[in-house]
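Undergrad: What follows is the file target.pdb, containing PDB, C-alpha atoms and all ligand atoms:
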MODEL        1
ATOM      1  CA  MET T 231      -1.520 -40.102   0.049
ATOM      2  CA  PHE T 232      -3.310 -38.080   2.740
ATOM      3  CA  TYR T 233      -0.062 -37.025   4.440
ATOM      4  CA  LYS T 234       1.106 -35.381   1.221
ATOM      5  CA  ASN T 235      -1.755 -32.902   1.270
ATOM      6  CA  LYS T 236      -0.925 -31.683   4.750
ATOM      7  CA  PHE T 237       1.955 -29.440   5.801
ATOM      8  CA  SER T 238       4.324 -31.306   8.122
ATOM      9  CA  GLN T 239       7.081 -29.299   9.785
ATOM     10  CA  LYS T 240       9.275 -32.399   9.964
ATOM     11  CA  ARG T 241       8.965 -33.342   6.293
ATOM     12  CA  PHE T 242       9.501 -29.693   5.388
ATOM     13  CA  GLU T 243      12.638 -29.323   7.517
ATOM     14  CA  ASN T 244      14.124 -32.572   6.197
ATOM     15  CA  ARG T 245      13.838 -31.193   2.684
ATOM     16  CA  LEU T 246      15.048 -27.625   3.329
ATOM     17  CA  ARG T 247      18.572 -26.872   2.055
ATOM     18  CA  THR T 248      18.772 -23.122   2.600
ATOM     19  CA  ARG T 249      21.027 -20.846   4.631
ATOM     20  CA  TYR T 250      18.367 -18.317   5.606
ATOM     21  CA  ILE T 251      15.123 -18.502   3.577
ATOM     22  CA  GLY T 252      12.634 -20.484   5.672
ATOM     23  CA  ARG T 253      15.105 -21.225   8.476
ATOM     24  CA  ASN T 254      12.532 -19.453  10.614
ATOM     25  CA  THR T 255       9.064 -20.577   9.568
ATOM     26  CA  VAL T 256       5.750 -19.537  11.096
ATOM     27  CA  TYR T 257       2.948 -21.952  10.258
ATOM     28  CA  GLN T 258      -0.773 -21.278  10.702
ATOM     29  CA  SER T 259      -3.540 -23.686   9.744
ATOM     30  CA  VAL T 260      -5.632 -20.684   8.776
ATOM     31  CA  CYS T 261      -5.081 -16.927   8.535
ATOM     32  CA  LYS T 262      -6.516 -13.963   6.666
ATOM     33  CA  SER T 263      -3.523 -13.508   4.404
ATOM     34  CA  THR T 264       0.071 -14.626   4.922
ATOM     35  CA  ASN T 265       1.188 -11.264   3.502
ATOM     36  CA  LEU T 266      -0.715  -9.542   6.318
ATOM     37  CA  THR T 267       0.755 -11.940   8.907
ATOM     38  CA  ALA T 268       4.246 -11.223   7.579
ATOM     39  CA  LYS T 269       3.721  -7.468   7.759
ATOM     40  CA  SER T 270       2.454  -7.694  11.334
ATOM     41  CA  GLN T 271       5.571  -9.681  12.322
ATOM     42  CA  CYS T 272       8.102  -7.738  10.306
ATOM     43  CA  ASP T 273      10.518  -7.692  13.250
ATOM     44  CA  MET T 274      11.253 -11.363  12.501
ATOM     45  CA  PRO T 275      14.603 -12.182  10.833
ATOM     46  CA  ASP T 276      15.363 -11.765   7.147
ATOM     47  CA  GLY T 277      14.111 -14.817   5.246
ATOM     48  CA  THR T 278      11.347 -15.742   7.701
ATOM     49  CA  VAL T 279       8.549 -17.524   5.864
ATOM     50  CA  PHE T 280       4.895 -17.408   6.910
ATOM     51  CA  VAL T 281       2.935 -20.429   5.718
ATOM     52  CA  ALA T 282      -0.777 -21.215   5.946
ATOM     53  CA  ALA T 283      -2.904 -24.202   4.941
ATOM     54  CA  ARG T 284      -5.667 -21.833   3.882
ATOM     55  CA  GLN T 285      -6.472 -18.141   3.863
ATOM     56  CA  THR T 286      -9.789 -16.424   4.487
ATOM     57  CA  ASN T 287      -8.822 -13.158   2.770
ATOM     58  CA  GLY T 288      -6.138 -14.144   0.292
ATOM     59  CA  ARG T 289      -5.204 -11.139  -1.811
ATOM     60  CA  GLY T 290      -4.036 -10.588  -5.347
ATOM     61  CA  ARG T 291      -2.740  -7.372  -6.868
ATOM     62  CA  LEU T 292      -4.836  -4.196  -6.953
ATOM     63  CA  GLY T 293      -7.055  -5.440  -4.127
ATOM     64  CA  ARG T 294      -8.217  -8.515  -6.014
ATOM     65  CA  ASP T 295      -9.035 -11.765  -4.215
ATOM     66  CA  TRP T 296      -6.901 -14.881  -4.186
ATOM     67  CA  SER T 297      -8.959 -18.031  -3.734
ATOM     68  CA  SER T 298      -7.137 -19.945  -0.984
ATOM     69  CA  ALA T 299      -8.743 -23.315  -0.286
ATOM     70  CA  LYS T 300      -7.027 -26.183   1.497
ATOM     71  CA  GLY T 301      -4.750 -28.125  -0.828
ATOM     72  CA  GLY T 302      -2.773 -25.072  -1.887
ATOM     73  CA  ILE T 303       0.442 -23.496  -0.638
ATOM     74  CA  TYR T 304       0.124 -19.977   0.756
ATOM     75  CA  MET T 305       3.450 -18.531   1.798
ATOM     76  CA  SER T 306       4.996 -15.119   2.314
ATOM     77  CA  VAL T 307       8.712 -14.539   2.512
ATOM     78  CA  LEU T 308       9.944 -11.623   4.622
ATOM     79  CA  LEU T 309      12.993 -10.052   2.999
ATOM     80  CA  LYS T 310      15.183  -7.265   4.250
ATOM     81  CA  PRO T 311      17.595  -6.796   1.377
ATOM     82  CA  ASP T 312      19.678  -3.719   0.911
ATOM     83  CA  ILE T 313      18.132  -2.724  -2.381
ATOM     84  CA  ASP T 314      16.213   0.190  -3.797
ATOM     85  CA  ALA T 315      12.511   0.332  -4.525
ATOM     86  CA  GLU T 316      13.024  -0.283  -8.241
ATOM     87  CA  ILE T 317      14.161  -3.824  -7.505
ATOM     88  CA  VAL T 318      10.858  -4.750  -5.864
ATOM     89  CA  SER T 319       9.120  -5.493  -9.144
ATOM     90  CA  GLN T 320      12.065  -7.670 -10.171
ATOM     91  CA  LEU T 321      11.597  -9.792  -7.045
ATOM     92  CA  THR T 322       8.247 -10.934  -8.398
ATOM     93  CA  LEU T 323      10.028 -12.196 -11.509
ATOM     94  CA  ILE T 324      12.710 -13.866  -9.375
ATOM     95  CA  ALA T 325      10.045 -15.666  -7.347
ATOM     96  CA  ALA T 326       8.335 -16.781 -10.563
ATOM     97  CA  ILE T 327      11.554 -18.409 -11.782
ATOM     98  CA  ALA T 328      11.981 -20.112  -8.397
ATOM     99  CA  VAL T 329       8.455 -21.559  -8.480
ATOM    100  CA  CYS T 330       8.974 -22.877 -12.023
ATOM    101  CA  ARG T 331      12.236 -24.556 -11.031
ATOM    102  CA  ALA T 332      10.606 -26.032  -7.919
ATOM    103  CA  ILE T 333       7.611 -27.537  -9.670
ATOM    104  CA  GLY T 334       9.886 -28.930 -12.355
ATOM    105  CA  ILE T 335       7.180 -29.532 -14.926
ATOM    106  CA  ASP T 336       6.650 -27.605 -18.127
ATOM    107  CA  ALA T 337       5.559 -24.314 -16.581
ATOM    108  CA  GLN T 338       5.374 -20.939 -18.265
ATOM    109  CA  ILE T 339       5.311 -17.454 -16.821
ATOM    110  CA  LYS T 340       2.795 -14.842 -17.843
ATOM    111  CA  TRP T 341       4.636 -11.609 -17.155
ATOM    112  CA  PRO T 342       4.942 -10.516 -14.478
ATOM    113  CA  ASN T 343       3.441 -12.807 -11.840
ATOM    114  CA  ASP T 344       1.389 -15.750 -13.118
ATOM    115  CA  ILE T 345       2.661 -19.300 -13.420
ATOM    116  CA  VAL T 346       0.777 -21.052 -16.179
ATOM    117  CA  VAL T 347       0.513 -24.795 -16.818
ATOM    118  CA  ASN T 348      -1.576 -26.077 -19.728
ATOM    119  CA  ASP T 349      -2.891 -22.517 -20.260
ATOM    120  CA  ARG T 350      -4.222 -22.310 -16.702
ATOM    121  CA  LYS T 351      -3.023 -20.179 -13.829
ATOM    122  CA  VAL T 352      -1.579 -22.399 -11.117
ATOM    123  CA  CYS T 353       0.274 -19.759  -9.120
ATOM    124  CA  GLY T 354       0.220 -16.031  -8.434
ATOM    125  CA  ILE T 355       2.766 -13.805  -6.727
ATOM    126  CA  LEU T 356       2.187 -10.587  -4.805
ATOM    127  CA  THR T 357       5.276  -8.628  -3.780
ATOM    128  CA  GLU T 358       4.787  -5.673  -1.463
ATOM    129  CA  MET T 359       7.146  -3.177   0.092
ATOM    130  CA  SER T 360       6.397  -1.641   3.494
ATOM    131  CA  ALA T 361       8.107   0.106   6.359
ATOM    132  CA  ASP T 362       8.065  -0.649  10.081
ATOM    133  CA  ALA T 363       7.350   1.930  12.814
ATOM    134  CA  ASP T 364      10.987   3.096  12.681
ATOM    135  CA  GLY T 365      10.825   3.613   8.934
ATOM    136  CA  ASN T 366      12.935   0.565   8.041
ATOM    137  CA  THR T 367      11.740  -0.866   4.742
ATOM    138  CA  PHE T 368      11.103  -4.543   4.177
ATOM    139  CA  ILE T 369       9.630  -6.652   1.417
ATOM    140  CA  VAL T 370       6.979  -9.341   1.604
ATOM    141  CA  CYS T 371       6.886 -11.742  -1.326
ATOM    142  CA  GLY T 372       3.634 -13.708  -1.223
ATOM    143  CA  ILE T 373       3.290 -16.867  -3.283
ATOM    144  CA  GLY T 374       0.066 -18.835  -3.756
ATOM    145  CA  ILE T 375       0.265 -22.209  -5.526
ATOM    146  CA  ASN T 376      -2.730 -24.361  -6.423
ATOM    147  CA  VAL T 377      -1.200 -27.706  -5.588
ATOM    148  CA  ASN T 378      -3.756 -30.445  -4.960
ATOM    149  CA  ILE T 379      -6.925 -28.385  -5.422
ATOM    150  CA  ARG T 380      -9.438 -30.228  -7.598
ATOM    151  CA  CYS T 381     -12.202 -27.647  -8.098
ATOM    152  CA  PHE T 382     -12.305 -23.897  -8.129
ATOM    153  CA  PRO T 383     -15.175 -21.442  -7.654
ATOM    154  CA  ASN T 384     -17.259 -20.751 -10.776
ATOM    155  CA  GLY T 385     -15.712 -17.325 -11.247
ATOM    156  CA  LEU T 386     -12.263 -18.836 -11.918
ATOM    157  CA  PRO T 387     -12.538 -20.747 -15.196
ATOM    158  CA  TYR T 388      -8.817 -20.276 -15.953
ATOM    159  CA  ALA T 389      -7.474 -21.496 -12.630
ATOM    160  CA  GLY T 390      -5.640 -24.814 -12.662
ATOM    161  CA  SER T 391      -3.702 -26.910 -10.206
ATOM    162  CA  LEU T 392      -0.635 -29.117 -10.295
ATOM    163  CA  ARG T 393      -2.851 -32.040  -9.363
ATOM    164  CA  ARG T 394      -5.183 -31.378 -12.278
ATOM    165  CA  ALA T 395      -2.266 -30.937 -14.692
ATOM    166  CA  THR T 396      -0.403 -34.081 -13.680
ATOM    167  CA  GLY T 397      -3.016 -36.383 -12.128
ATOM    168  CA  LYS T 398      -0.835 -36.965  -9.060
ATOM    169  CA  THR T 399      -1.048 -35.763  -5.474
ATOM    170  CA  TRP T 400       1.863 -33.450  -4.701
ATOM    171  CA  ASP T 401       3.694 -33.330  -1.384
ATOM    172  CA  ILE T 402       2.894 -29.918   0.090
ATOM    173  CA  SER T 403       5.708 -30.005   2.682
ATOM    174  CA  HIS T 404       8.329 -30.936   0.103
ATOM    175  CA  LEU T 405       7.120 -28.446  -2.477
ATOM    176  CA  THR T 406       7.095 -25.644   0.119
ATOM    177  CA  ALA T 407      10.737 -26.451   0.925
ATOM    178  CA  ASP T 408      11.635 -26.776  -2.765
ATOM    179  CA  VAL T 409      10.256 -23.302  -3.496
ATOM    180  CA  MET T 410      12.379 -21.899  -0.668
ATOM    181  CA  ASN T 411      15.476 -23.810  -1.839
ATOM    182  CA  GLU T 412      15.086 -22.465  -5.358
ATOM    183  CA  LEU T 413      14.183 -18.971  -4.189
ATOM    184  CA  GLU T 414      17.399 -18.726  -2.228
ATOM    185  CA  ASN T 415      19.392 -19.954  -5.245
ATOM    186  CA  VAL T 416      17.828 -17.463  -7.634
ATOM    187  CA  LEU T 417      18.062 -14.651  -5.070
ATOM    188  CA  ASP T 418      21.771 -15.337  -4.558
ATOM    189  CA  THR T 419      22.389 -15.017  -8.294
ATOM    190  CA  PHE T 420      20.181 -11.930  -8.456
ATOM    191  CA  THR T 421      21.938 -10.235  -5.523
ATOM    192  CA  LYS T 422      25.383 -10.867  -7.021
ATOM    193  CA  HIS T 423      24.703 -10.189 -10.690
ATOM    194  CA  GLY T 424      21.282  -8.522 -11.008
ATOM    195  CA  PHE T 425      18.222  -9.650 -12.940
ATOM    196  CA  THR T 426      20.234  -9.717 -16.135
ATOM    197  CA  ALA T 427      21.847 -13.011 -14.970
ATOM    198  CA  VAL T 428      18.483 -14.814 -15.006
ATOM    199  CA  ALA T 429      16.713 -12.812 -17.716
ATOM    200  CA  ASP T 430      17.264 -15.525 -20.346
ATOM    201  CA  GLU T 431      15.722 -18.167 -18.100
ATOM    202  CA  TYR T 432      12.731 -15.908 -17.479
ATOM    203  CA  LYS T 433      12.378 -15.241 -21.207
ATOM    204  CA  SER T 434      12.552 -18.909 -22.108
ATOM    205  CA  ARG T 435       9.448 -19.471 -19.975
ATOM    206  CA  CYS T 436       7.650 -16.224 -20.772
ATOM    207  CA  VAL T 437       4.313 -16.896 -22.449
ATOM    208  CA  ASN T 438       3.946 -13.242 -23.510
ATOM    209  CA  LEU T 439       6.888 -13.181 -25.920
ATOM    210  CA  ASN T 440       5.899 -12.567 -29.542
ATOM    211  CA  ARG T 441       2.229 -12.594 -28.577
ATOM    212  CA  GLU T 442      -0.370  -9.891 -29.090
ATOM    213  CA  VAL T 443      -1.266  -8.271 -25.804
ATOM    214  CA  THR T 444      -3.237  -5.476 -24.236
ATOM    215  CA  LEU T 445      -1.192  -3.750 -21.574
ATOM    216  CA  THR T 446      -3.028  -1.737 -18.940
ATOM    217  CA  TYR T 447      -1.097   0.526 -16.613
ATOM    218  CA  GLY T 448      -2.610   3.308 -14.576
ATOM    219  CA  ASN T 449      -5.736   4.199 -16.534
ATOM    220  CA  ARG T 450      -4.158   3.628 -19.962
ATOM    221  CA  SER T 451      -4.508   0.606 -22.207
ATOM    222  CA  VAL T 452      -2.368  -0.099 -25.271
ATOM    223  CA  CYS T 453      -2.314  -2.995 -27.715
ATOM    224  CA  GLY T 454       0.792  -4.380 -29.324
ATOM    225  CA  THR T 455       3.146  -7.304 -29.673
ATOM    226  CA  VAL T 456       5.607  -8.237 -26.967
ATOM    227  CA  THR T 457       9.113  -8.104 -28.384
ATOM    228  CA  ASP T 458      11.276  -8.653 -25.324
ATOM    229  CA  VAL T 459      11.750  -8.929 -21.590
ATOM    230  CA  LEU T 460      14.611  -6.505 -20.964
ATOM    231  CA  PRO T 461      17.661  -7.253 -18.790
ATOM    232  CA  ASN T 462      15.977  -5.229 -16.012
ATOM    233  CA  GLY T 463      12.779  -7.301 -16.243
ATOM    234  CA  GLU T 464      10.666  -4.705 -18.026
ATOM    235  CA  LEU T 465       8.315  -5.848 -20.760
ATOM    236  CA  ALA T 466       8.859  -4.312 -24.214
ATOM    237  CA  VAL T 467       5.713  -3.963 -26.309
ATOM    238  CA  ASN T 468       5.724  -2.818 -29.924
ATOM    239  CA  THR T 469       2.652  -0.611 -30.367
ATOM    240  CA  ALA T 470       1.350   1.634 -33.148
ATOM    241  CA  ASP T 471       3.097   4.510 -31.342
ATOM    242  CA  GLY T 472       6.440   2.717 -31.097
ATOM    243  CA  VAL T 473       7.992   0.466 -28.461
ATOM    244  CA  ILE T 474       6.914   1.083 -24.895
ATOM    245  CA  THR T 475       8.349  -0.594 -21.825
ATOM    246  CA  ALA T 476       6.495  -1.477 -18.646
ATOM    247  CA  LYS T 477       7.887  -2.217 -15.208
ATOM    248  CA  SER T 478       4.533  -3.337 -13.866
ATOM    249  CA  GLY T 479       0.982  -3.527 -15.100
ATOM    250  CA  GLU T 480      -1.712  -5.832 -16.276
ATOM    251  CA  VAL T 481      -1.273  -7.805 -19.467
ATOM    252  CA  SER T 482      -3.948  -9.717 -21.346
ATOM    253  CA  VAL T 483      -2.424 -12.155 -23.811
ATOM    254  CA  ARG T 484      -4.494 -12.923 -26.900
ATOM    255  CA  GLY T 485      -5.405 -16.605 -26.860
ATOM    256  CA  LEU T 486      -4.784 -17.083 -23.128
ATOM    257  CA  TYR T 487      -7.415 -17.215 -20.344
ATOM    258  CA  GLY T 488     -10.166 -16.750 -22.947
ATOM    259  CA  TYR T 489      -8.898 -13.340 -24.068
ATOM    260  CA  VAL T 490      -9.685 -12.776 -27.759
TER     261      VAL T 490
HETATM  262  C1  LIG T 501      -2.016 -12.612  -8.049
HETATM  263  O1  LIG T 501      -2.725 -11.456  -8.217
HETATM  264  O2  LIG T 501      -1.956 -13.520  -8.836
HETATM  265  C2  LIG T 501      -1.267 -12.674  -6.717
HETATM  266  C3  LIG T 501      -1.721 -13.803  -5.846
HETATM  267  C4  LIG T 501      -0.891 -13.906  -4.599
HETATM  268  C5  LIG T 501      -1.436 -14.892  -3.626
HETATM  269  C6  LIG T 501      -0.513 -15.113  -2.456
HETATM  270  S1  LIG T 501      -1.037 -16.421  -1.433
HETATM  271  C7  LIG T 501       0.080 -15.996  -0.231
HETATM  272  C8  LIG T 501       0.066 -14.486  -0.152
HETATM  273  N1  LIG T 501      -0.985 -14.023   0.711
HETATM  274  C9  LIG T 501      -1.905 -13.311   0.051
HETATM  275  O3  LIG T 501      -2.919 -12.800   0.559
HETATM  276  N2  LIG T 501      -1.567 -13.233  -1.253
HETATM  277  C10 LIG T 501      -0.329 -13.921  -1.522
HETATM  278  P1  LIG T 501      -3.393 -11.019  -9.583
HETATM  279  O4  LIG T 501      -2.398 -11.060 -10.695
HETATM  280  O5  LIG T 501      -4.033  -9.724  -9.277
HETATM  281  O6  LIG T 501      -4.456 -12.141  -9.867
HETATM  282  C11 LIG T 501      -5.647 -12.207  -9.141
HETATM  283  C12 LIG T 501      -6.666 -12.859 -10.053
HETATM  284  O7  LIG T 501      -6.350 -14.251 -10.220
HETATM  285  C13 LIG T 501      -8.085 -12.833  -9.472
HETATM  286  O8  LIG T 501      -8.732 -11.640  -9.800
HETATM  287  C14 LIG T 501      -8.704 -14.047 -10.138
HETATM  288  O9  LIG T 501      -9.120 -13.747 -11.461
HETATM  289  C15 LIG T 501      -7.558 -15.022 -10.275
HETATM  290  N3  LIG T 501      -7.494 -15.969  -9.136
HETATM  291  C16 LIG T 501      -7.923 -15.815  -7.862
HETATM  292  N4  LIG T 501      -7.639 -16.887  -7.130
HETATM  293  C17 LIG T 501      -7.031 -17.765  -7.954
HETATM  294  C18 LIG T 501      -6.483 -19.056  -7.774
HETATM  295  N5  LIG T 501      -6.463 -19.691  -6.598
HETATM  296  N6  LIG T 501      -5.931 -19.653  -8.863
HETATM  297  C19 LIG T 501      -5.905 -19.051 -10.075
HETATM  298  N7  LIG T 501      -6.400 -17.833 -10.294
HETATM  299  C20 LIG T 501      -6.952 -17.183  -9.239
ENDMDL
END
How would this structure read if it were set down as structure tokens?

TA:
Amino acid sequence: MFYKNKFSQKRFENRLRTRYIGRNTVYQSVCKSTNLTAKSQCDMPDGTVFVAARQTNGRGRLGRDWSSAKGGIYMSVLLKPDIDAEIVSQLTLIAAIAVCRAIGIDAQIKWPNDIVVNDRKVCGILTEMSADADGNTFIVCGIGINVNIRCFPNGLPYAGSLRRATGKTWDISHLTADVMNELENVLDTFTKHGFTAVADEYKSRCVNLNREVTLTYGNRSVCGTVTDVLPNGELAVNTADGVITAKSGEVSVRGLYGYV
């Protein structure tokens, strides 16, 4: 079982079925953050994936920390698509669908970027857009999955892992490849037909739908009930002031992660 908890380039490559995602992979046993590594090597080809066994400064959104112990997957995909900035937030949703397909168990998505299994967060996604010295824009899609992690720091009571949810040790090399295989599939559909082509799949997994939420964006907070995820990936929330839509933001779902 020990080999499953360790990234092996050979096992990974044998499993990879992609044309370009992960065809160039940079592996580090430890780094600060794979998103930072990806940004510092943004001259690498489209689809390059930066993988680490652990991170010392794993990052979430809004400068939050991402706990990154050994036994997880920490990967950042460098993308150079010909798309406008508005699409960046949709890429987070695309990656969420890919992770759900790859793990293959009953996973839900808490809009926009959490993968939830048995009401616990097993994966987070951080998509960032940057530009190189010549002003060429690129996207880094960072994915952190709690695979075989058994215990989390005290401050993370709602973190879970695939191992804890299923009782089995997962193969890190295979799952890393599976995420890339699925990401390329979903991205192909997305590039050809837009988010609308996968919106129903996202909605079918979306834990926010028909739930009471508090949505925080900028320095505003509103309460309401989620009525839809729109064909462009925005969340529609029915509030006392009418329906508002959000492209990004923080959502607390009543009844999830201890939120009452
Ligand atoms: C995220 O942010 O969920 C995005 C996480 C992205 C991590 C990947 S790993 C590879 C790449 N390199 C990086 O440096 N980052 C990306 P957010 O929605 O802001 O959630 C952060 C919150 O999740 C924290 O404030 C904690 O409450 C909680 N958290 C931290 N570590 C966790 C973990 N390992 N599992 C579950 N929850 C965690």

Undergrad: Just the number, please: distance in Å from CA of Thr446 in chain T to CA of Ser482 in chain T, one decimal.

TA: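 Result for CA of Thr446 in chain T versus CA of Ser482 in chain T: 8.4 Å, one decimal.
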
Undergrad: Around ligand LIG 501 (chain T), out to 7 Å and counting all atoms listed in the file, which residues are there? I want them as a ChimeraX atom specification.

TA: /T:263-266,287-292,294-298,304-306,343-344,351-356,372-374,376,386,388-390

Undergrad: Store the residues picked out above in a file with C-alpha atoms, as a PDB file, in the frame of the given file.

TA:
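Output contents, as saved in part06.pdb:
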ATOM      1  CA  SER T 263      -3.523 -13.508   4.404  1.00  0.00           C
ATOM      2  CA  THR T 264       0.071 -14.626   4.922  1.00  0.00           C
ATOM      3  CA  ASN T 265       1.188 -11.264   3.502  1.00  0.00           C
ATOM      4  CA  LEU T 266      -0.715  -9.542   6.318  1.00  0.00           C
ATOM      5  CA  ASN T 287      -8.822 -13.158   2.770  1.00  0.00           C
ATOM      6  CA  GLY T 288      -6.138 -14.144   0.292  1.00  0.00           C
ATOM      7  CA  ARG T 289      -5.204 -11.139  -1.811  1.00  0.00           C
ATOM      8  CA  GLY T 290      -4.036 -10.588  -5.347  1.00  0.00           C
ATOM      9  CA  ARG T 291      -2.740  -7.372  -6.868  1.00  0.00           C
ATOM     10  CA  LEU T 292      -4.836  -4.196  -6.953  1.00  0.00           C
ATOM     11  CA  ARG T 294      -8.217  -8.515  -6.014  1.00  0.00           C
ATOM     12  CA  ASP T 295      -9.035 -11.765  -4.215  1.00  0.00           C
ATOM     13  CA  TRP T 296      -6.901 -14.881  -4.186  1.00  0.00           C
ATOM     14  CA  SER T 297      -8.959 -18.031  -3.734  1.00  0.00           C
ATOM     15  CA  SER T 298      -7.137 -19.945  -0.984  1.00  0.00           C
ATOM     16  CA  TYR T 304       0.124 -19.977   0.756  1.00  0.00           C
ATOM     17  CA  MET T 305       3.450 -18.531   1.798  1.00  0.00           C
ATOM     18  CA  SER T 306       4.996 -15.119   2.314  1.00  0.00           C
ATOM     19  CA  ASN T 343       3.441 -12.807 -11.840  1.00  0.00           C
ATOM     20  CA  ASP T 344       1.389 -15.750 -13.118  1.00  0.00           C
ATOM     21  CA  LYS T 351      -3.023 -20.179 -13.829  1.00  0.00           C
ATOM     22  CA  VAL T 352      -1.579 -22.399 -11.117  1.00  0.00           C
ATOM     23  CA  CYS T 353       0.274 -19.759  -9.120  1.00  0.00           C
ATOM     24  CA  GLY T 354       0.220 -16.031  -8.434  1.00  0.00           C
ATOM     25  CA  ILE T 355       2.766 -13.805  -6.727  1.00  0.00           C
ATOM     26  CA  LEU T 356       2.187 -10.587  -4.805  1.00  0.00           C
ATOM     27  CA  GLY T 372       3.634 -13.708  -1.223  1.00  0.00           C
ATOM     28  CA  ILE T 373       3.290 -16.867  -3.283  1.00  0.00           C
ATOM     29  CA  GLY T 374       0.066 -18.835  -3.756  1.00  0.00           C
ATOM     30  CA  ASN T 376      -2.730 -24.361  -6.423  1.00  0.00           C
ATOM     31  CA  LEU T 386     -12.263 -18.836 -11.918  1.00  0.00           C
ATOM     32  CA  TYR T 388      -8.817 -20.276 -15.953  1.00  0.00           C
ATOM     33  CA  ALA T 389      -7.474 -21.496 -12.630  1.00  0.00           C
ATOM     34  CA  GLY T 390      -5.640 -24.814 -12.662  1.00  0.00           C
TER      35      GLY T 390
END

Undergrad: Given the point (-3.6, -28.4, -14.8) in the coordinates of this file, which residues lie within 8 Å, counting only C-alpha atoms, and how would they look as a PyMOL selection string?

TA: chain T and resi 347-348+350+352+390-396

Undergrad: On this file, the PyMOL selection byres (((chain T and resi 284) around 6) and not hetatm) gives some set of residues; write that set as number ranges by chain.

TA: T: 260, 282-283, 285, 298-300

Undergrad: Quick one: which residues end up in the PyMOL selection byres (((chain T and resi 458) around 8) and not hetatm) for this structure, as a list of chain:residue names?

TA: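 Selected by the PyMOL selection byres (((chain T and resi 458) around 8) and not hetatm) in this file: T:Lys433, T:Leu439, T:Asn440, T:Val456, T:Thr457, T:Val459, T:Leu460, T:Leu465, T:Ala466, T:Val467.
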
Undergrad: Considering only C-alpha atoms, state which residue in the set T:Ser238, T:Asn384, T:Glu464, T:Val279 is at the smallest distance from Val256 in chain T.

TA: T:Val279

Undergrad: Nearest residue to Cys371 in chain T out of T:Thr426, T:Thr278, T:Gln338, T:Thr421, using all atoms listed in the file?

TA: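 Checking each candidate against Cys371 in chain T, we get T:Thr278 as the closest.
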
Undergrad: Between T:Asp314, T:Lys236, T:Phe420, T:Tyr432, which is the closest to Thr367 in chain T once you count only C-alpha atoms?

TA: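 Ranked by minimum distance to Thr367 in chain T, first place goes to T:Asp314.
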
Undergrad: Just want the 12 Å neighbourhood of Leu321 in chain T, counted on only C-alpha atoms, with same-chain residues fewer than 3 positions away dropped. Output as a VMD selection string.

TA: chain T and resid 307 to 309 311 313 to 318 324 to 328 342 to 343 355 to 359 369 to 373 413 to 414 416 to 418 420 to 421 424 to 425 428 462 to 463 477 to 478

Undergrad: Would you mind exporting the chosen residues as a PDB file, in the frame of the given file, restricted to C-alpha atoms?

TA:
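Contents of part_38.pdb, as written:
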ATOM      1  CA  VAL T 307       8.712 -14.539   2.512  1.00  0.00           C
ATOM      2  CA  LEU T 308       9.944 -11.623   4.622  1.00  0.00           C
ATOM      3  CA  LEU T 309      12.993 -10.052   2.999  1.00  0.00           C
ATOM      4  CA  PRO T 311      17.595  -6.796   1.377  1.00  0.00           C
ATOM      5  CA  ILE T 313      18.132  -2.724  -2.381  1.00  0.00           C
ATOM      6  CA  ASP T 314      16.213   0.190  -3.797  1.00  0.00           C
ATOM      7  CA  ALA T 315      12.511   0.332  -4.525  1.00  0.00           C
ATOM      8  CA  GLU T 316      13.024  -0.283  -8.241  1.00  0.00           C
ATOM      9  CA  ILE T 317      14.161  -3.824  -7.505  1.00  0.00           C
ATOM     10  CA  VAL T 318      10.858  -4.750  -5.864  1.00  0.00           C
ATOM     11  CA  ILE T 324      12.710 -13.866  -9.375  1.00  0.00           C
ATOM     12  CA  ALA T 325      10.045 -15.666  -7.347  1.00  0.00           C
ATOM     13  CA  ALA T 326       8.335 -16.781 -10.563  1.00  0.00           C
ATOM     14  CA  ILE T 327      11.554 -18.409 -11.782  1.00  0.00           C
ATOM     15  CA  ALA T 328      11.981 -20.112  -8.397  1.00  0.00           C
ATOM     16  CA  PRO T 342       4.942 -10.516 -14.478  1.00  0.00           C
ATOM     17  CA  ASN T 343       3.441 -12.807 -11.840  1.00  0.00           C
ATOM     18  CA  ILE T 355       2.766 -13.805  -6.727  1.00  0.00           C
ATOM     19  CA  LEU T 356       2.187 -10.587  -4.805  1.00  0.00           C
ATOM     20  CA  THR T 357       5.276  -8.628  -3.780  1.00  0.00           C
ATOM     21  CA  GLU T 358       4.787  -5.673  -1.463  1.00  0.00           C
ATOM     22  CA  MET T 359       7.146  -3.177   0.092  1.00  0.00           C
ATOM     23  CA  ILE T 369       9.630  -6.652   1.417  1.00  0.00           C
ATOM     24  CA  VAL T 370       6.979  -9.341   1.604  1.00  0.00           C
ATOM     25  CA  CYS T 371       6.886 -11.742  -1.326  1.00  0.00           C
ATOM     26  CA  GLY T 372       3.634 -13.708  -1.223  1.00  0.00           C
ATOM     27  CA  ILE T 373       3.290 -16.867  -3.283  1.00  0.00           C
ATOM     28  CA  LEU T 413      14.183 -18.971  -4.189  1.00  0.00           C
ATOM     29  CA  GLU T 414      17.399 -18.726  -2.228  1.00  0.00           C
ATOM     30  CA  VAL T 416      17.828 -17.463  -7.634  1.00  0.00           C
ATOM     31  CA  LEU T 417      18.062 -14.651  -5.070  1.00  0.00           C
ATOM     32  CA  ASP T 418      21.771 -15.337  -4.558  1.00  0.00           C
ATOM     33  CA  PHE T 420      20.181 -11.930  -8.456  1.00  0.00           C
ATOM     34  CA  THR T 421      21.938 -10.235  -5.523  1.00  0.00           C
ATOM     35  CA  GLY T 424      21.282  -8.522 -11.008  1.00  0.00           C
ATOM     36  CA  PHE T 425      18.222  -9.650 -12.940  1.00  0.00           C
ATOM     37  CA  VAL T 428      18.483 -14.814 -15.006  1.00  0.00           C
ATOM     38  CA  ASN T 462      15.977  -5.229 -16.012  1.00  0.00           C
ATOM     39  CA  GLY T 463      12.779  -7.301 -16.243  1.00  0.00           C
ATOM     40  CA  LYS T 477       7.887  -2.217 -15.208  1.00  0.00           C
ATOM     41  CA  SER T 478       4.533  -3.337 -13.866  1.00  0.00           C
TER      42      SER T 478
END
